[in-house]
file start.cif (mmCIF, C-alpha atoms)
data_data
loop_
_atom_site.group_PDB
_atom_site.id
_atom_site.type_symbol
_atom_site.label_atom_id
_atom_site.label_comp_id
_atom_site.auth_asym_id
_atom_site.auth_seq_id
_atom_site.Cartn_x
_atom_site.Cartn_y
_atom_site.Cartn_z
ATOM 1 C CA GLY A 902 0.000 0.000 0.000
ATOM 2 C CA GLY A 903 2.893 2.328 0.941
ATOM 3 C CA ASP A 904 4.668 1.656 -2.344
ATOM 4 C CA GLY A 905 1.515 2.262 -4.278
ATOM 5 C CA GLY A 906 0.922 5.549 -2.432
ATOM 6 C CA GLY A 907 4.477 6.644 -3.093
ATOM 7 C CA GLY A 908 4.176 5.779 -6.753
ATOM 8 C CA GLY A 909 0.867 7.645 -6.982
ATOM 9 C CA GLY A 910 2.429 10.740 -5.394
ATOM 10 C CA GLY A 911 5.290 10.730 -7.882
ATOM 11 C CA GLY A 912 2.928 10.249 -10.768
ATOM 12 C CA GLY A 913 0.791 13.120 -9.521
ATOM 13 C CA HIS A 914 3.811 15.415 -9.362
ATOM 14 C CA LYS A 915 4.824 14.419 -12.863
ATOM 15 C CA SER A 916 1.286 14.920 -14.083
ATOM 16 C CA LYS A 917 1.225 18.478 -12.687
ATOM 17 C CA LYS A 918 4.475 19.309 -14.462
ATOM 18 C CA GLN A 919 3.118 17.911 -17.701
ATOM 19 C CA HIS A 920 -0.092 19.881 -17.220
ATOM 20 C CA ARG A 921 1.820 23.141 -16.689
ATOM 21 C CA GLN A 922 3.945 22.466 -19.752
ATOM 22 C CA ALA A 923 0.845 21.706 -21.793
ATOM 23 C CA ARG A 924 -0.717 24.989 -20.693
ATOM 24 C CA LYS A 925 2.402 26.904 -21.733
ATOM 25 C CA GLU A 926 2.406 25.227 -25.131
ATOM 26 C CA ALA A 927 -1.307 25.932 -25.552
ATOM 27 C CA ALA A 928 -0.753 29.577 -24.681
ATOM 28 C CA ALA A 929 1.998 29.758 -27.257
ATOM 29 C CA ARG A 930 -0.384 28.302 -29.839
ATOM 30 C CA SER A 931 -3.355 30.394 -28.707
ATOM 31 C CA PRO A 932 -5.506 31.592 -31.576
ATOM 32 C CA CYS A 933 -4.975 35.143 -32.731
ATOM 33 C CA GLY A 934 -7.505 37.801 -32.015
ATOM 34 C CA VAL A 935 -9.472 39.282 -34.881
ATOM 35 C CA ASP A 936 -7.393 42.473 -34.852
ATOM 36 C CA VAL A 937 -4.152 40.518 -35.203
ATOM 37 C CA LEU A 938 -5.556 38.589 -38.168
ATOM 38 C CA ARG A 939 -6.736 41.819 -39.746
ATOM 39 C CA LEU A 940 -3.232 43.255 -39.309
ATOM 40 C CA TRP A 941 -1.820 40.194 -41.059
ATOM 41 C CA VAL A 942 -4.230 40.714 -43.949
ATOM 42 C CA ALA A 943 -3.470 44.454 -44.143
ATOM 43 C CA THR A 944 0.284 43.893 -44.290
ATOM 44 C CA SER A 945 0.192 41.001 -46.771
ATOM 45 C CA ASP A 946 1.374 41.506 -50.332
ATOM 46 C CA TRP A 947 -1.490 40.212 -52.478
ATOM 47 C CA THR A 948 0.509 40.571 -55.687
ATOM 48 C CA SER A 949 2.420 37.411 -54.787
ATOM 49 C CA ASP A 950 1.977 34.319 -52.652
ATOM 50 C CA VAL A 951 0.698 35.200 -49.177
ATOM 51 C CA ALA A 952 2.657 33.676 -46.307
ATOM 52 C CA LEU A 953 0.924 32.381 -43.187
ATOM 53 C CA GLY A 954 2.521 30.653 -40.227
ATOM 54 C CA ASP A 955 3.523 31.078 -36.614
ATOM 55 C CA ALA A 956 6.345 33.495 -37.436
ATOM 56 C CA VAL A 957 4.112 35.624 -39.660
ATOM 57 C CA LEU A 958 1.374 35.834 -37.047
ATOM 58 C CA GLU A 959 3.921 36.584 -34.354
ATOM 59 C CA ARG A 960 5.052 39.622 -36.335
ATOM 60 C CA ALA A 961 1.428 40.744 -36.546
ATOM 61 C CA ARG A 962 1.103 40.275 -32.784
ATOM 62 C CA GLU A 963 4.176 42.421 -32.260
ATOM 63 C CA VAL A 964 2.744 45.197 -34.428
ATOM 64 C CA TYR A 965 -0.481 45.018 -32.419
ATOM 65 C CA ARG A 966 1.419 45.145 -29.121
ATOM 66 C CA ARG A 967 3.425 48.201 -30.145
ATOM 67 C CA LEU A 968 0.375 50.088 -31.350
ATOM 68 C CA ARG A 969 -1.440 49.234 -28.131
ATOM 69 C CA ASN A 970 1.491 50.369 -25.973
ATOM 70 C CA ALA A 971 1.676 53.748 -27.712
ATOM 71 C CA CYS A 972 -2.052 54.266 -27.168
ATOM 72 C CA ARG A 973 -1.713 53.211 -23.543
ATOM 73 C CA PHE A 974 1.012 55.787 -22.858
ATOM 74 C CA CYS A 975 -1.174 58.530 -24.314
ATOM 75 C CA LEU A 976 -4.179 57.415 -22.277
ATOM 76 C CA GLY A 977 -2.160 57.262 -19.077
ATOM 77 C CA ASN A 978 -1.159 60.905 -19.397
ATOM 78 C CA LEU A 979 -4.468 62.374 -20.513
ATOM 79 C CA SER A 980 -6.694 61.504 -17.564
ATOM 80 C CA ASP A 981 -6.783 65.137 -16.366
ATOM 81 C CA PHE A 982 -6.779 66.749 -19.810
ATOM 82 C CA ASP A 983 -9.816 68.510 -21.215
ATOM 83 C CA PRO A 984 -9.104 69.418 -24.857
ATOM 84 C CA GLU A 985 -11.659 72.228 -24.766
ATOM 85 C CA ALA A 986 -10.157 73.941 -21.720
ATOM 86 C CA ASP A 987 -6.530 72.796 -21.554
ATOM 87 C CA ALA A 988 -5.281 72.537 -25.155
ATOM 88 C CA LEU A 989 -2.592 75.077 -26.047
ATOM 89 C CA PRO A 990 -2.161 76.879 -29.376
ATOM 90 C CA VAL A 991 0.959 76.134 -31.385
ATOM 91 C CA GLU A 992 2.400 79.565 -30.572
ATOM 92 C CA ARG A 993 2.741 78.613 -26.881
ATOM 93 C CA MET A 994 4.459 75.278 -27.495
ATOM 94 C CA ARG A 995 8.100 74.319 -27.511
ATOM 95 C CA LEU A 996 9.838 73.457 -30.748
ATOM 96 C CA ALA A 997 9.764 69.728 -29.913
ATOM 97 C CA ASP A 998 5.976 69.860 -29.592
ATOM 98 C CA ARG A 999 5.620 71.798 -32.843
ATOM 99 C CA HIS A 1000 7.835 69.309 -34.636
ATOM 100 C CA MET A 1001 5.691 66.436 -33.387
ATOM 101 C CA LEU A 1002 2.572 68.177 -34.688
ATOM 102 C CA HIS A 1003 4.289 68.560 -38.060
ATOM 103 C CA LEU A 1004 4.987 64.817 -38.101
ATOM 104 C CA LEU A 1005 1.362 64.090 -37.220
ATOM 105 C CA ALA A 1006 0.226 66.281 -40.105
ATOM 106 C CA GLU A 1007 2.553 64.467 -42.519
ATOM 107 C CA HIS A 1008 1.397 61.081 -41.222
ATOM 108 C CA SER A 1009 -2.281 61.988 -41.564
ATOM 109 C CA SER A 1010 -1.773 63.106 -45.142
ATOM 110 C CA LEU A 1011 0.038 59.887 -46.061
ATOM 111 C CA VAL A 1012 -2.565 57.665 -44.390
ATOM 112 C CA ARG A 1013 -5.478 59.414 -46.087
ATOM 113 C CA GLU A 1014 -3.802 58.993 -49.451
ATOM 114 C CA SER A 1015 -3.007 55.337 -48.707
ATOM 115 C CA TYR A 1016 -6.595 54.537 -47.779
ATOM 116 C CA SER A 1017 -7.856 56.220 -50.935
ATOM 117 C CA THR A 1018 -5.592 54.004 -53.036
ATOM 118 C CA ARG A 1019 -6.263 50.857 -50.949
ATOM 119 C CA GLN A 1020 -2.628 50.534 -49.885
ATOM 120 C CA LEU A 1021 -3.284 49.192 -46.412
ATOM 121 C CA HIS A 1022 0.314 48.064 -45.917
ATOM 122 C CA ARG A 1023 1.389 51.723 -46.140
ATOM 123 C CA VAL A 1024 -1.198 52.626 -43.506
ATOM 124 C CA VAL A 1025 0.142 50.020 -41.089
ATOM 125 C CA GLY A 1026 3.782 50.824 -41.867
ATOM 126 C CA SER A 1027 3.374 54.554 -41.378
ATOM 127 C CA THR A 1028 1.310 54.139 -38.205
ATOM 128 C CA LEU A 1029 3.785 51.660 -36.733
ATOM 129 C CA ALA A 1030 6.692 54.012 -37.512
ATOM 130 C CA LEU A 1031 4.829 56.877 -35.878
ATOM 131 C CA ALA A 1032 4.025 54.832 -32.782
ATOM 132 C CA THR A 1033 7.437 53.266 -32.256
ATOM 133 C CA GLU A 1034 10.078 55.523 -33.794
ATOM 134 C CA ARG A 1035 8.640 59.009 -33.419
ATOM 135 C CA LEU A 1036 6.449 58.634 -30.351
ATOM 136 C CA SER A 1037 7.703 55.802 -28.116
ATOM 137 C CA ALA A 1038 11.421 56.082 -28.879
ATOM 138 C CA GLU A 1039 11.645 59.869 -29.072
ATOM 139 C CA TYR A 1040 8.791 62.101 -27.992
ATOM 140 C CA PHE A 1041 7.506 60.027 -25.069
ATOM 141 C CA ASP A 1042 10.990 59.631 -23.633
ATOM 142 C CA SER A 1043 11.996 63.280 -24.034
ATOM 143 C CA THR A 1044 8.826 64.656 -22.411
ATOM 144 C CA LYS A 1045 8.560 62.474 -19.304
ATOM 145 C CA ASP A 1046 10.114 65.121 -17.052
ATOM 146 C CA ARG A 1047 7.606 67.681 -18.270
ATOM 147 C CA LEU A 1048 4.727 65.264 -17.704
ATOM 148 C CA TYR A 1049 5.734 63.926 -14.312
ATOM 149 C CA CYS A 1050 7.776 66.715 -12.704
ATOM 150 C CA GLY A 1051 6.341 69.946 -14.084
ATOM 151 C CA ASP A 1052 3.436 72.048 -12.851
ATOM 152 C CA ALA A 1053 0.272 70.017 -13.442
ATOM 153 C CA ASP A 1054 -1.477 72.988 -15.035
ATOM 154 C CA GLY A 1055 1.617 74.658 -16.477
ATOM 155 C CA ASP A 1056 2.050 75.389 -20.163
ATOM 156 C CA SER A 1057 4.902 72.895 -20.484
ATOM 157 C CA ARG A 1058 2.814 69.900 -19.370
ATOM 158 C CA ARG A 1059 -0.343 71.068 -21.109
ATOM 159 C CA ALA A 1060 1.578 71.449 -24.368
ATOM 160 C CA VAL A 1061 2.710 67.808 -24.184
ATOM 161 C CA GLN A 1062 -0.825 66.696 -23.375
ATOM 162 C CA THR A 1063 -2.129 68.661 -26.345
ATOM 163 C CA VAL A 1064 0.271 66.761 -28.593
ATOM 164 C CA LEU A 1065 -0.553 63.407 -26.969
ATOM 165 C CA HIS A 1066 -4.267 64.058 -27.493
ATOM 166 C CA ALA A 1067 -3.610 64.793 -31.177
ATOM 167 C CA ALA A 1068 -1.322 61.761 -31.474
ATOM 168 C CA LEU A 1069 -3.939 59.457 -29.969
ATOM 169 C CA ASP A 1070 -6.493 60.817 -32.412
ATOM 170 C CA ALA A 1071 -4.128 60.149 -35.316
ATOM 171 C CA LEU A 1072 -3.398 56.614 -34.128
ATOM 172 C CA LEU A 1073 -7.073 55.699 -33.664
ATOM 173 C CA LEU A 1074 -8.189 57.170 -36.973
ATOM 174 C CA SER A 1075 -5.310 55.386 -38.724
ATOM 175 C CA ILE A 1076 -5.844 51.913 -37.289
ATOM 176 C CA GLY A 1077 -9.603 52.083 -36.672
ATOM 177 C CA PRO A 1078 -10.638 50.441 -39.972
ATOM 178 C CA ILE A 1079 -7.968 47.742 -39.572
ATOM 179 C CA THR A 1080 -8.079 47.038 -35.819
ATOM 180 C CA PRO A 1081 -11.586 48.151 -34.824
ATOM 181 C CA PHE A 1082 -11.642 46.331 -31.494
ATOM 182 C CA LEU A 1083 -8.408 47.950 -30.331
ATOM 183 C CA ALA A 1084 -9.600 51.365 -31.481
ATOM 184 C CA GLU A 1085 -12.917 50.952 -29.658
ATOM 185 C CA GLU A 1086 -11.237 49.680 -26.488
ATOM 186 C CA VAL A 1087 -8.858 52.640 -26.392
ATOM 187 C CA HIS A 1088 -11.681 55.073 -27.124
ATOM 188 C CA GLU A 1089 -13.742 53.741 -24.205
ATOM 189 C CA HIS A 1090 -10.885 54.599 -21.842
ATOM 190 C CA ARG A 1091 -10.586 58.211 -22.982
ATOM 191 C CA GLY A 1092 -11.842 60.970 -20.699
ATOM 192 C CA ALA A 1093 -15.372 62.273 -20.447
ATOM 193 C CA GLN A 1094 -14.568 64.950 -23.035
ATOM 194 C CA ARG A 1095 -13.576 62.374 -25.645
ATOM 195 C CA PRO A 1096 -14.520 62.881 -29.289
ATOM 196 C CA PRO A 1097 -17.003 60.559 -31.050
ATOM 197 C CA PRO A 1098 -15.888 56.937 -31.575
ATOM 198 C CA PRO A 1099 -13.387 56.418 -34.418
ATOM 199 C CA VAL A 1100 -15.948 54.436 -36.412
ATOM 200 C CA GLU A 1101 -18.207 57.505 -36.516
ATOM 201 C CA ARG A 1102 -15.513 59.954 -37.559
ATOM 202 C CA VAL A 1103 -13.894 60.937 -40.836
ATOM 203 C CA TRP A 1104 -10.550 62.514 -41.600
ATOM 204 C CA GLU A 1105 -10.608 66.274 -41.241
ATOM 205 C CA ASP A 1106 -8.092 68.832 -42.454
ATOM 206 C CA LEU A 1107 -5.621 69.622 -39.679
ATOM 207 C CA PRO A 1108 -4.713 73.202 -38.743
ATOM 208 C CA ALA A 1109 -2.293 74.763 -41.207
ATOM 209 C CA SER A 1110 -0.159 75.927 -38.266
ATOM 210 C CA TRP A 1111 0.840 72.304 -37.618
ATOM 211 C CA THR A 1112 2.831 72.138 -40.846
ATOM 212 C CA ASP A 1113 6.293 73.677 -40.521
ATOM 213 C CA PHE A 1114 8.773 72.486 -43.146
ATOM 214 C CA ASP A 1115 11.448 74.921 -41.991
ATOM 215 C CA LEU A 1116 11.409 73.478 -38.477
ATOM 216 C CA ALA A 1117 11.367 69.947 -39.889
ATOM 217 C CA ARG A 1118 14.506 70.705 -41.905
ATOM 218 C CA ARG A 1119 16.319 72.158 -38.896
ATOM 219 C CA TRP A 1120 15.267 69.212 -36.768
ATOM 220 C CA ALA A 1121 16.516 66.733 -39.372
ATOM 221 C CA LEU A 1122 19.940 68.402 -39.384
ATOM 222 C CA ALA A 1123 20.118 68.149 -35.604
ATOM 223 C CA GLU A 1124 19.197 64.461 -35.800
ATOM 224 C CA ARG A 1125 22.194 63.938 -38.111
ATOM 225 C CA VAL A 1126 24.406 65.418 -35.417
ATOM 226 C CA ARG A 1127 22.812 63.090 -32.863
ATOM 227 C CA GLU A 1128 23.714 60.108 -35.035
ATOM 228 C CA GLU A 1129 27.356 61.222 -35.173
ATOM 229 C CA LEU A 1130 27.402 61.921 -31.461
ATOM 230 C CA ALA A 1131 25.989 58.543 -30.355
ATOM 231 C CA PRO A 1132 29.184 56.465 -30.848
ATOM 232 C CA LEU A 1133 31.246 59.143 -29.098
ATOM 233 C CA LEU A 1134 29.002 59.090 -26.065
ATOM 234 C CA HIS A 1135 29.105 55.291 -26.079
ATOM 235 C CA GLU A 1136 32.907 55.351 -26.097
ATOM 236 C CA ALA A 1137 32.912 57.838 -23.234
ATOM 237 C CA ARG A 1138 30.564 55.637 -21.192
ATOM 238 C CA VAL A 1139 32.597 52.505 -21.844
ATOM 239 C CA GLY A 1140 35.740 54.380 -20.832
ATOM 240 C CA GLY A 1141 34.133 55.413 -17.552
ATOM 241 C CA ARG A 1142 34.408 59.112 -18.320
ATOM 242 C CA ILE A 1143 30.654 59.679 -18.062
ATOM 243 C CA GLY A 1144 27.987 57.693 -16.281
ATOM 244 C CA GLY A 1145 25.462 58.368 -19.016
ATOM 245 C CA ALA A 1146 24.617 60.708 -21.846
ATOM 246 C CA GLY A 1147 22.803 62.976 -19.396
ATOM 247 C CA GLU A 1148 26.166 63.904 -17.862
ATOM 248 C CA ALA A 1149 27.847 64.851 -21.136
ATOM 249 C CA LEU A 1150 28.783 68.386 -22.147
ATOM 250 C CA VAL A 1151 28.888 68.562 -25.929
ATOM 251 C CA GLU A 1152 30.470 70.987 -28.335
ATOM 252 C CA VAL A 1153 29.278 70.815 -31.924
ATOM 253 C CA ARG A 1154 31.666 72.257 -34.513
ATOM 254 C CA CYS A 1155 29.986 73.352 -37.714
ATOM 255 C CA SER A 1156 31.670 73.886 -41.046
ATOM 256 C CA PRO A 1157 31.280 76.292 -42.669
ATOM 257 C CA GLU A 1158 30.729 78.756 -39.866
ATOM 258 C CA GLY A 1159 27.396 80.482 -40.343
ATOM 259 C CA GLY A 1160 26.250 77.766 -42.736
ATOM 260 C CA GLU A 1161 22.863 76.047 -42.753
ATOM 261 C CA LEU A 1162 23.803 73.544 -40.055
ATOM 262 C CA HIS A 1163 25.305 76.195 -37.790
ATOM 263 C CA VAL A 1164 22.237 78.408 -38.063
ATOM 264 C CA ALA A 1165 19.844 75.488 -37.653
ATOM 265 C CA LEU A 1166 21.452 74.215 -34.462
ATOM 266 C CA GLU A 1167 21.661 77.651 -32.904
ATOM 267 C CA SER A 1168 18.001 78.275 -33.679
ATOM 268 C CA LEU A 1169 17.005 75.277 -31.538
ATOM 269 C CA GLY A 1170 18.468 76.897 -28.430
ATOM 270 C CA ALA A 1171 18.302 74.931 -25.193
ATOM 271 C CA GLU A 1172 16.024 72.333 -26.803
ATOM 272 C CA LEU A 1173 19.069 71.010 -28.643
ATOM 273 C CA ASN A 1174 20.147 69.455 -25.314
ATOM 274 C CA ASP A 1175 16.929 67.430 -25.150
ATOM 275 C CA LEU A 1176 17.177 66.383 -28.773
ATOM 276 C CA LEU A 1177 20.763 65.184 -28.333
ATOM 277 C CA GLY A 1178 19.994 63.747 -24.890
ATOM 278 C CA VAL A 1179 22.904 65.488 -23.169
ATOM 279 C CA CYS A 1180 23.458 67.856 -20.249
ATOM 280 C CA GLY A 1181 24.674 70.866 -22.210
ATOM 281 C CA THR A 1182 25.567 71.868 -25.760
ATOM 282 C CA ARG A 1183 27.708 74.585 -27.299
ATOM 283 C CA VAL A 1184 27.521 75.278 -31.023
ATOM 284 C CA VAL A 1185 30.564 76.919 -32.626
ATOM 285 C CA GLY A 1186 31.910 77.520 -36.088
ATOM 286 C CA ALA A 1187 34.762 75.290 -37.175
ATOM 287 C CA SER A 1188 37.138 78.244 -37.324
ATOM 288 C CA ALA A 1189 36.351 79.147 -33.724
ATOM 289 C CA ALA A 1190 37.281 75.632 -32.682
ATOM 290 C CA GLY A 1191 40.562 75.719 -34.565
ATOM 291 C CA GLY A 1192 39.525 73.583 -37.517
ATOM 292 C CA GLY A 1193 36.585 71.600 -38.687
ATOM 293 C CA GLY A 1194 35.336 68.743 -40.737
ATOM 294 C CA GLU A 1195 34.123 68.867 -44.283
ATOM 295 C CA ASP A 1196 30.906 67.083 -43.430
ATOM 296 C CA ALA A 1197 27.898 68.081 -41.318
ATOM 297 C CA ALA A 1198 29.646 68.622 -38.013
ATOM 298 C CA ALA A 1199 32.400 67.620 -35.664
ATOM 299 C CA ALA A 1200 31.211 66.619 -32.218
ATOM 300 C CA VAL A 1201 33.180 66.721 -28.997
ATOM 301 C CA ALA A 1202 31.971 64.973 -25.867
ATOM 302 C CA ALA A 1203 33.912 66.429 -22.948
ATOM 303 C CA TRP A 1204 33.908 65.360 -19.318
ATOM 304 C CA GLY A 1205 36.417 65.479 -16.493
ATOM 305 C CA GLY A 1206 39.191 67.110 -18.494
ATOM 306 C CA GLY A 1207 39.121 64.641 -21.387
ATOM 307 C CA GLU A 1208 37.502 64.747 -24.770
ATOM 308 C CA ILE A 1209 36.687 62.484 -27.681
ATOM 309 C CA VAL A 1210 36.830 64.173 -31.045
ATOM 310 C CA ALA A 1211 35.297 63.153 -34.357
ATOM 311 C CA GLU A 1212 35.341 65.419 -37.369
ATOM 312 C CA GLY A 1213 33.385 64.891 -40.538
ATOM 313 C CA GLY A 1214 32.145 61.515 -39.326
ATOM 314 C CA ALA A 1215 35.692 60.182 -38.949
ATOM 315 C CA GLU A 1216 36.799 58.107 -36.010
ATOM 316 C CA GLY A 1217 38.132 60.232 -33.224
ATOM 317 C CA GLY A 1218 40.654 59.684 -30.494
ATOM 318 C CA ALA A 1219 40.875 60.669 -26.853
ATOM 319 C CA GLU A 1220 42.851 63.620 -25.672
ATOM 320 C CA GLY A 1221 43.845 64.081 -22.073
#
call {"tool": "encode", "arguments": {"input": "start.cif", "output": "structure tokens"}}
result
Amino acid sequence: GGDGGGGGGGGGHKSKKQHRQARKEAAARSPCGVDVLRLWVATSDWTSDVALGDAVLERAREVYRRLRNACRFCLGNLSDFDPEADALPVERMRLADRHMLHLLAEHSSLVRESYSTRQLHRVVGSTLALATERLSAEYFDSTKDRLYCGDADGDSRRAVQTVLHAALDALLLSIGPITPFLAEEVHEHRGAQRPPPPVERVWEDLPASWTDFDLARRWALAERVREELAPLLHEARVGGRIGGAGEALVEVRCSPEGGELHVALESLGAELNDLLGVCGTRVVGASAAGGGGEDAAAAVAAWGGGEIVAEGGAEGGAEG
């Protein structure tokens, strides 16, 4: 009897392990929601053979997850925002906010055109890029201090909320026809002053003040500098000279002095620090720095008496 009981106990333990493993495998093979399947259809190329399998559906799930996360961030920071009373005009916003509105205007134009020509893959691609590259990776991260540390009713926080409200609108209108359940779920969690449901709305012309090609050009030039600066900051971190990019003091050398890049960077003022993700920035002409590169800029990340120099995109070395 004792042996039988012991054997039964061991079998029960093994059975529980098998049951847990079976549940994990079932979860991994769980059927896709309707929205995920609709995303797969929207991103499929119907001019050739259409692929379907676990890997393909997993990519659709990932697109769904990223879109949902971007919407969730917007919702989480709009609970106390009334667009009628709290929205700020463009003239009272920072350059980063104005640039984001410009991107939203460009995105809306592209999506409307894509829907009119039945190019659903362009709709999904543009919306995913907006959600992940422009919002999650850039704007959300750069505005967290303003959202969480600033005056709750101050212009700085209200400006970000104004942009987030517009971004959430753009996301829901873009994905609503493709992922209607996600769009409806997000809409139901908006505040009491929410607009009509996405299914009842149509695309409307956005304010002309949102479009600013001059600012977009200046911002693009600054992003080129950020790309050149990134490996220098990484080298400084690895070398223990800075704890993080937020500790770096950066000097950007522009050639020619007074050229388009020089003027563009200076026009961004203190917001250049946020764009580059550093503590402080000084913009100088190449001649003022004793030389200069032939390309966009030469960046110097200085800390603790040392510096790493790269000119014209070339590899730089450390100087004591």
call {"tool": "resolve_selection", "arguments": {"input": "start.cif", "expression": "the PyMOL selection byres ((chain A and resi 1161) around 12)", "output": "list in words"}}
result
Asp1115, Arg1118, Arg1119, Trp1120, Ala1121, Leu1122, Ala1123, Cys1155, Ser1156, Pro1157, Glu1158, Gly1159, Gly1160, Leu1162, His1163, Val1164, Ala1165, Leu1166, Glu1167, Ser1168, Gly1186, Ala1197 and Ala1198 of chain A
call {"tool": "write_last_selection", "arguments": {"input": "start.cif", "atoms": "C-alpha atoms", "output": "JSON list (two decimals), keeping the file's coordinate frame"}}
result
[["chain", "number", "residue", "atom", "x", "y", "z"],
["A", 1115, "ASP", "CA", 11.45, 74.92, -41.99],
["A", 1118, "ARG", "CA", 14.51, 70.70, -41.90],
["A", 1119, "ARG", "CA", 16.32, 72.16, -38.90],
["A", 1120, "TRP", "CA", 15.27, 69.21, -36.77],
["A", 1121, "ALA", "CA", 16.52, 66.73, -39.37],
["A", 1122, "LEU", "CA", 19.94, 68.40, -39.38],
["A", 1123, "ALA", "CA", 20.12, 68.15, -35.60],
["A", 1155, "CYS", "CA", 29.99, 73.35, -37.71],
["A", 1156, "SER", "CA", 31.67, 73.89, -41.05],
["A", 1157, "PRO", "CA", 31.28, 76.29, -42.67],
["A", 1158, "GLU", "CA", 30.73, 78.76, -39.87],
["A", 1159, "GLY", "CA", 27.40, 80.48, -40.34],
["A", 1160, "GLY", "CA", 26.25, 77.77, -42.74],
["A", 1162, "LEU", "CA", 23.80, 73.54, -40.06],
["A", 1163, "HIS", "CA", 25.30, 76.19, -37.79],
["A", 1164, "VAL", "CA", 22.24, 78.41, -38.06],
["A", 1165, "ALA", "CA", 19.84, 75.49, -37.65],
["A", 1166, "LEU", "CA", 21.45, 74.22, -34.46],
["A", 1167, "GLU", "CA", 21.66, 77.65, -32.90],
["A", 1168, "SER", "CA", 18.00, 78.28, -33.68],
["A", 1186, "GLY", "CA", 31.91, 77.52, -36.09],
["A", 1197, "ALA", "CA", 27.90, 68.08, -41.32],
["A", 1198, "ALA", "CA", 29.65, 68.62, -38.01]]
call {"tool": "resolve_selection", "arguments": {"input": "start.cif", "expression": "the PyMOL selection byres ((chain A and resi 937) around 8)", "output": "list in words"}}
result
Cys933, Gly934, Val935, Asp936, Leu938, Arg939, Leu940, Trp941, Leu958, Ala961, Arg962, Tyr965 and Thr1080 of chain A
call {"tool": "resolve_selection", "arguments": {"input": "start.cif", "expression": "the PyMOL selection byres ((chain A and resi 1174) around 12)", "output": "VMD selection string"}}
result
chain A and resid 997 1043 1123 to 1124 1126 to 1127 1146 to 1153 1166 to 1167 1169 to 1173 1175 to 1184
call {"tool": "closest_residue", "arguments": {"input": "start.cif", "among": "A:Leu1036, A:Leu1004, A:Leu1073, A:Val1012", "to": "Pro1097 in chain A", "atoms": "all atoms listed in the file"}}
result
A:Leu1073
call {"tool": "axis_aligned_box", "arguments": {"input": "start.cif", "around": "range 1143-1153 of chain A", "padding_each_side": "5 Å", "output": "JSON"}}
result
{"center_x": 26.7, "center_y": 64.3, "center_z": -24.1, "size_x": 17.9, "size_y": 23.3, "size_z": 25.6}
